[in-house]
Amino acid sequence: MRDLFDDDPDRSRRFSLEACGIFLDYSKNLVTDETLGHLLALAGAADLTTRRDSLLRGDKVNNTEDRAVLHMALRNVGSRSYRVDGDDVMPGIRAVLDRMRAFSDEVRSGRWLGYTGQRITDVVSIGIGGSSLGPKMACEALHPYRQGGPRVHFVSNVDGAQLVQVLAELDAATTLFVVASKTFTTQETIANAESARAWCLASLHRDEAVAHHFVAVSTNAEAVAAFGIDTRNMFEFWDWVGGRYSLWSAIGLPIALAVGMEQFEEVLAGACDMDEHFITAPSERNIPVVLALLGIWYNNFGGADTQAIIPYDQNLQFLPTYLQQLDMESNGKRVTRDGEMVDYQTGPVIWGQPGTDAQHSFFQLIHQGTRLIPTDFILPMRSHHPLEGHHDKLVANCFAQAQALMRGRTEEEARAELAAGGMPSEGIERLVRHRVFPGNRPSNMIVVDQLTPRVLGALVAMYEHKVFVQGVVWGIDSFDQWGVELGKQLAASILSDFRQAKGSPRVDSSTAGLIRRYQTTTTD
Ligand code: G6Q
């Protein structure tokens with residue numbers, strides 16, 4: 001890469017793109033114009049444009065579940081028309097947005113009162129996976145925009161430790177629960193919601209209190225009613241919204257409660273900006289398409305198994321986890337849309353955490369390990385906090401990491417540095433190899449002016465479209481998640497085995513032994 005930069009002083013300008021408040025410098029990648037030409041041809045050969053149009057048309061692109069995929073409609077603040085089976089979905093979407101606006105305004109202004117007449121100070125969102133990771137990530141990302149709203153907490157794990165810890169700090173009289181579940185049958189969410197209701201009733205004593213302290217976000221009105229939540233307190237969404245793409249729907253209610261509906265609508269508007277860019281920009285100028293193709297370059301032609309996401313922004317601390325689900329659940333597939341086994345790699349392992357913390361833990365392996373780990377750096381140019389000097393240091397570290405990964409340090413440079421430090425020659429020979437950085441380690445620099453709600457929306461939509469493009473090239477269904485099923489089924493069966501005195505004859509000896517050990521421990 002040093003040579004590529006030396007040979008072309010214009011490389012950084014030529015290999016960068018800007019749209020929707022996002023500047024992408026992808027010049028520190030192991031690519032030339034020729035490589036990019038081949039990758040663009042690959043996208044063309046995979047019928048990317050046709051597939052994208054099919055998605056937009058509301059075709060059942062999630063073919064294994066026979067569902068349309070229209071999360072773009074949820075953030076359609078423009079004038080596009082989105083239809084499912086011929087029906088315009090926009091009036092329904094706008095009606096739910098109106099209800100979210102009215103409700104979040106009531107709670108934030110103190111007009112929505114708890115059962116004892118007190119205003120709501122805390123919201124607990126109960127949901128898991130796609131019904132939790134998005135709002136949790138966005139509430140944290142938009143923390144600087146929280147002015148006067150309630151505190152928002154997230155409970156997802158069926159491990160009761162999480163719920164107990166959150167509730168320990170709260171007063172039932174001033175707490176509102178948002179139970180978020182597309183199906184309203186998810187074991188973890190229902191268990192947490194039931195325990196939360198019991199906690200609420202233990203303190204407020206009357207069943208009528210539930211209506212003041214519980215609302216639901218779901219597609220399943222019947223199950224919501226059966227749980228005891230008045231369906232007038234239910235915010236609807238639809239089966240054409242996939243769980244991990246549902247942040248833009250009423251699943252985003254905790255965001256509206258935390259920072260206000262205007263800010264949530266800004267998030268939607270930013271995503272809509274990115275949709276327009278994705279739909280209209282030619283592939284070679286299209287940020288999600290270019291990111292997707294670079295990923296494919298390393299994944300399928302460079303032997304990379306993983307992709308690191310390193311936000312240099314503490315408020316984006318949950319973004320890597322969010323993108324982990326978005327990408328790995330979407331593209332962790334081994335069968336094509338037509339049911340053929342693939343004979344190439346599909347989705348990479350996505351991982352990461354914020355810089356500069358990451359530099360002091362795993363960056364060693366990215367710099368000097370044996371693996372190729374393409375890295376996305378995400379960096380706001382301006383911070384929200386006023387602390388002098390911090391942001392300069394953060395930005396300098398981010399740029400330095402990307403530069404070090406690209407340039408590395410040659411043996412000659414390492415030797416010269418050691419000599420300049422006064423090290424005798426036998427010491428230099430002993431250490432020099434350890435001090436060499438191979439360089440040529442690719443990264444994207446994704447820069448935003450400031451992490452505003454609008455930019456956040458654009459950023460998340462950018463990754464969604466990247467994942468879509470990669471799924472198209474790999475020929476897989478990015479919108480199903482059958483891999484989650486088997487564990488769920490077996491957990492239900494093992495749970496019923498716990499109640500059998502002698503365990504179950506149906507399971508292998510290892511599982512049977514573990515069940516017996518659990519039974520013995522818990523009956524002691
Ligand atoms: C996402 C997945 C999964 C889902 C959760 C919660 O795409 O389908 O993470 O969001 O299992 O499901 P419910 O919303 O139905 O509770």
# chains A, B, ... in the order shown; residues from 1 in each chain; ligands from 1
>>> residues_near_ligand(ligand="ligand 1", cutoff="7 Å", atoms="only C-alpha atoms and all ligand atoms", output="PyMOL selection string")
chain A and resi 127-131+180-186+189+242-245+329+481
>>> select_by_dssp(residues="stretch 294-437 of chain A", states="alpha helix (DSSP H)", output="ChimeraX atom specification")
/A:294-301,319-331,363-368,390-407,411-420,425-431
>>> residues_around(residues="A:Asn440", least_positions_apart="2", cutoff="12 Å", atoms="only C-alpha atoms", output="PyMOL selection string")
chain A and resi 1-5+27-31+366-368+371-375+402-410+437-438+442-443
>>> write_last_selection(atoms="N, CA and C atoms", output="PDB file, in the first residue's frame")
ATOM      1  N   MET A   1       0.828  -1.208   0.000  1.00  0.00           N
ATOM      2  CA  MET A   1       0.000   0.000   0.000  1.00  0.00           C
ATOM      3  C   MET A   1       0.863   1.259   0.000  1.00  0.00           C
ATOM      4  N   ARG A   2       2.057   1.171   0.640  1.00  0.00           N
ATOM      5  CA  ARG A   2       2.951   2.350   0.583  1.00  0.00           C
ATOM      6  C   ARG A   2       3.208   2.721  -0.874  1.00  0.00           C
ATOM      7  N   ASP A   3       3.471   1.706  -1.689  1.00  0.00           N
ATOM      8  CA  ASP A   3       3.771   1.979  -3.104  1.00  0.00           C
ATOM      9  C   ASP A   3       2.557   2.576  -3.811  1.00  0.00           C
ATOM     10  N   LEU A   4       1.380   2.046  -3.501  1.00  0.00           N
ATOM     11  CA  LEU A   4       0.176   2.572  -4.155  1.00  0.00           C
ATOM     12  C   LEU A   4       0.018   4.063  -3.844  1.00  0.00           C
ATOM     13  N   PHE A   5       0.295   4.438  -2.600  1.00  0.00           N
ATOM     14  CA  PHE A   5       0.197   5.861  -2.238  1.00  0.00           C
ATOM     15  C   PHE A   5       1.304   6.678  -2.892  1.00  0.00           C
ATOM     16  N   SER A  27      -9.121   4.524   0.784  1.00  0.00           N
ATOM     17  CA  SER A  27      -7.858   4.432   0.054  1.00  0.00           C
ATOM     18  C   SER A  27      -6.864   3.473   0.716  1.00  0.00           C
ATOM     19  N   LYS A  28      -7.056   3.209   2.033  1.00  0.00           N
ATOM     20  CA  LYS A  28      -6.101   2.305   2.700  1.00  0.00           C
ATOM     21  C   LYS A  28      -6.597   0.865   2.591  1.00  0.00           C
ATOM     22  N   ASN A  29      -6.960   0.489   1.394  1.00  0.00           N
ATOM     23  CA  ASN A  29      -7.346  -0.896   1.108  1.00  0.00           C
ATOM     24  C   ASN A  29      -6.407  -1.468   0.063  1.00  0.00           C
ATOM     25  N   LEU A  30      -6.321  -2.793   0.046  1.00  0.00           N
ATOM     26  CA  LEU A  30      -5.412  -3.466  -0.890  1.00  0.00           C
ATOM     27  C   LEU A  30      -6.092  -3.591  -2.251  1.00  0.00           C
ATOM     28  N   VAL A  31      -6.430  -2.442  -2.829  1.00  0.00           N
ATOM     29  CA  VAL A  31      -7.119  -2.484  -4.122  1.00  0.00           C
ATOM     30  C   VAL A  31      -6.545  -1.438  -5.079  1.00  0.00           C
ATOM     31  N   ILE A 366      -4.220  -7.365  15.438  1.00  0.00           N
ATOM     32  CA  ILE A 366      -4.505  -6.777  14.119  1.00  0.00           C
ATOM     33  C   ILE A 366      -3.203  -6.270  13.483  1.00  0.00           C
ATOM     34  N   HIS A 367      -2.317  -5.707  14.315  1.00  0.00           N
ATOM     35  CA  HIS A 367      -1.069  -5.163  13.779  1.00  0.00           C
ATOM     36  C   HIS A 367      -0.054  -6.247  13.427  1.00  0.00           C
ATOM     37  N   GLN A 368       0.124  -7.206  14.324  1.00  0.00           N
ATOM     38  CA  GLN A 368       1.268  -8.115  14.151  1.00  0.00           C
ATOM     39  C   GLN A 368       0.894  -9.594  14.163  1.00  0.00           C
ATOM     40  N   ARG A 371      -3.229 -13.079  11.123  1.00  0.00           N
ATOM     41  CA  ARG A 371      -4.481 -13.016  10.363  1.00  0.00           C
ATOM     42  C   ARG A 371      -4.694 -11.661   9.711  1.00  0.00           C
ATOM     43  N   LEU A 372      -5.435 -11.703   8.626  1.00  0.00           N
ATOM     44  CA  LEU A 372      -5.832 -10.459   7.952  1.00  0.00           C
ATOM     45  C   LEU A 372      -7.173 -10.033   8.545  1.00  0.00           C
ATOM     46  N   ILE A 373      -7.210  -8.837   9.137  1.00  0.00           N
ATOM     47  CA  ILE A 373      -8.458  -8.375   9.756  1.00  0.00           C
ATOM     48  C   ILE A 373      -8.805  -6.992   9.213  1.00  0.00           C
ATOM     49  N   PRO A 374      -9.641  -6.943   8.179  1.00  0.00           N
ATOM     50  CA  PRO A 374     -10.064  -5.635   7.686  1.00  0.00           C
ATOM     51  C   PRO A 374     -10.811  -4.896   8.805  1.00  0.00           C
ATOM     52  N   THR A 375     -10.565  -3.611   8.896  1.00  0.00           N
ATOM     53  CA  THR A 375     -11.087  -2.842  10.026  1.00  0.00           C
ATOM     54  C   THR A 375     -11.826  -1.601   9.540  1.00  0.00           C
ATOM     55  N   ALA A 402      -4.914   3.724  11.823  1.00  0.00           N
ATOM     56  CA  ALA A 402      -5.146   3.396  10.412  1.00  0.00           C
ATOM     57  C   ALA A 402      -3.839   3.533   9.615  1.00  0.00           C
ATOM     58  N   GLN A 403      -3.079   4.560   9.951  1.00  0.00           N
ATOM     59  CA  GLN A 403      -1.812   4.780   9.248  1.00  0.00           C
ATOM     60  C   GLN A 403      -0.824   3.643   9.556  1.00  0.00           C
ATOM     61  N   ALA A 404      -0.753   3.261  10.829  1.00  0.00           N
ATOM     62  CA  ALA A 404       0.174   2.192  11.215  1.00  0.00           C
ATOM     63  C   ALA A 404      -0.206   0.875  10.538  1.00  0.00           C
ATOM     64  N   LEU A 405      -1.499   0.604  10.486  1.00  0.00           N
ATOM     65  CA  LEU A 405      -1.935  -0.642   9.833  1.00  0.00           C
ATOM     66  C   LEU A 405      -1.535  -0.626   8.357  1.00  0.00           C
ATOM     67  N   MET A 406      -1.676   0.495   7.732  1.00  0.00           N
ATOM     68  CA  MET A 406      -1.371   0.600   6.304  1.00  0.00           C
ATOM     69  C   MET A 406       0.128   0.561   6.045  1.00  0.00           C
ATOM     70  N   ARG A 407       0.885   1.420   6.732  1.00  0.00           N
ATOM     71  CA  ARG A 407       2.319   1.569   6.450  1.00  0.00           C
ATOM     72  C   ARG A 407       3.162   0.469   7.070  1.00  0.00           C
ATOM     73  N   GLY A 408       2.795   0.083   8.297  1.00  0.00           N
ATOM     74  CA  GLY A 408       3.641  -0.840   9.027  1.00  0.00           C
ATOM     75  C   GLY A 408       4.986  -0.205   9.356  1.00  0.00           C
ATOM     76  N   ARG A 409       5.946  -1.040   9.743  1.00  0.00           N
ATOM     77  CA  ARG A 409       7.312  -0.556   9.986  1.00  0.00           C
ATOM     78  C   ARG A 409       8.250  -1.618   9.445  1.00  0.00           C
ATOM     79  N   THR A 410       9.096  -1.231   8.499  1.00  0.00           N
ATOM     80  CA  THR A 410       9.976  -2.218   7.849  1.00  0.00           C
ATOM     81  C   THR A 410      11.113  -2.594   8.792  1.00  0.00           C
ATOM     82  N   PHE A 437       6.433  -4.216  11.804  1.00  0.00           N
ATOM     83  CA  PHE A 437       4.981  -4.282  11.544  1.00  0.00           C
ATOM     84  C   PHE A 437       4.832  -4.527  10.052  1.00  0.00           C
ATOM     85  N   PRO A 438       4.154  -5.594   9.653  1.00  0.00           N
ATOM     86  CA  PRO A 438       4.120  -5.875   8.217  1.00  0.00           C
ATOM     87  C   PRO A 438       3.361  -4.837   7.389  1.00  0.00           C
ATOM     88  N   PRO A 442      -5.636  -3.633   5.815  1.00  0.00           N
ATOM     89  CA  PRO A 442      -6.609  -2.690   5.243  1.00  0.00           C
ATOM     90  C   PRO A 442      -7.577  -2.094   6.266  1.00  0.00           C
ATOM     91  N   SER A 443      -7.978  -0.876   6.001  1.00  0.00           N
ATOM     92  CA  SER A 443      -9.025  -0.275   6.835  1.00  0.00           C
ATOM     93  C   SER A 443      -9.830   0.732   6.028  1.00  0.00           C
TER      94      SER A 443
END
>>> atom_distance(atom1="atom CA of A:Val484", atom2="atom CA of A:Gln353")
24.4 Å
>>> atom_distance(atom1="atom CA of A:Leu253", atom2="atom CA of A:Leu74")
13.1 Å
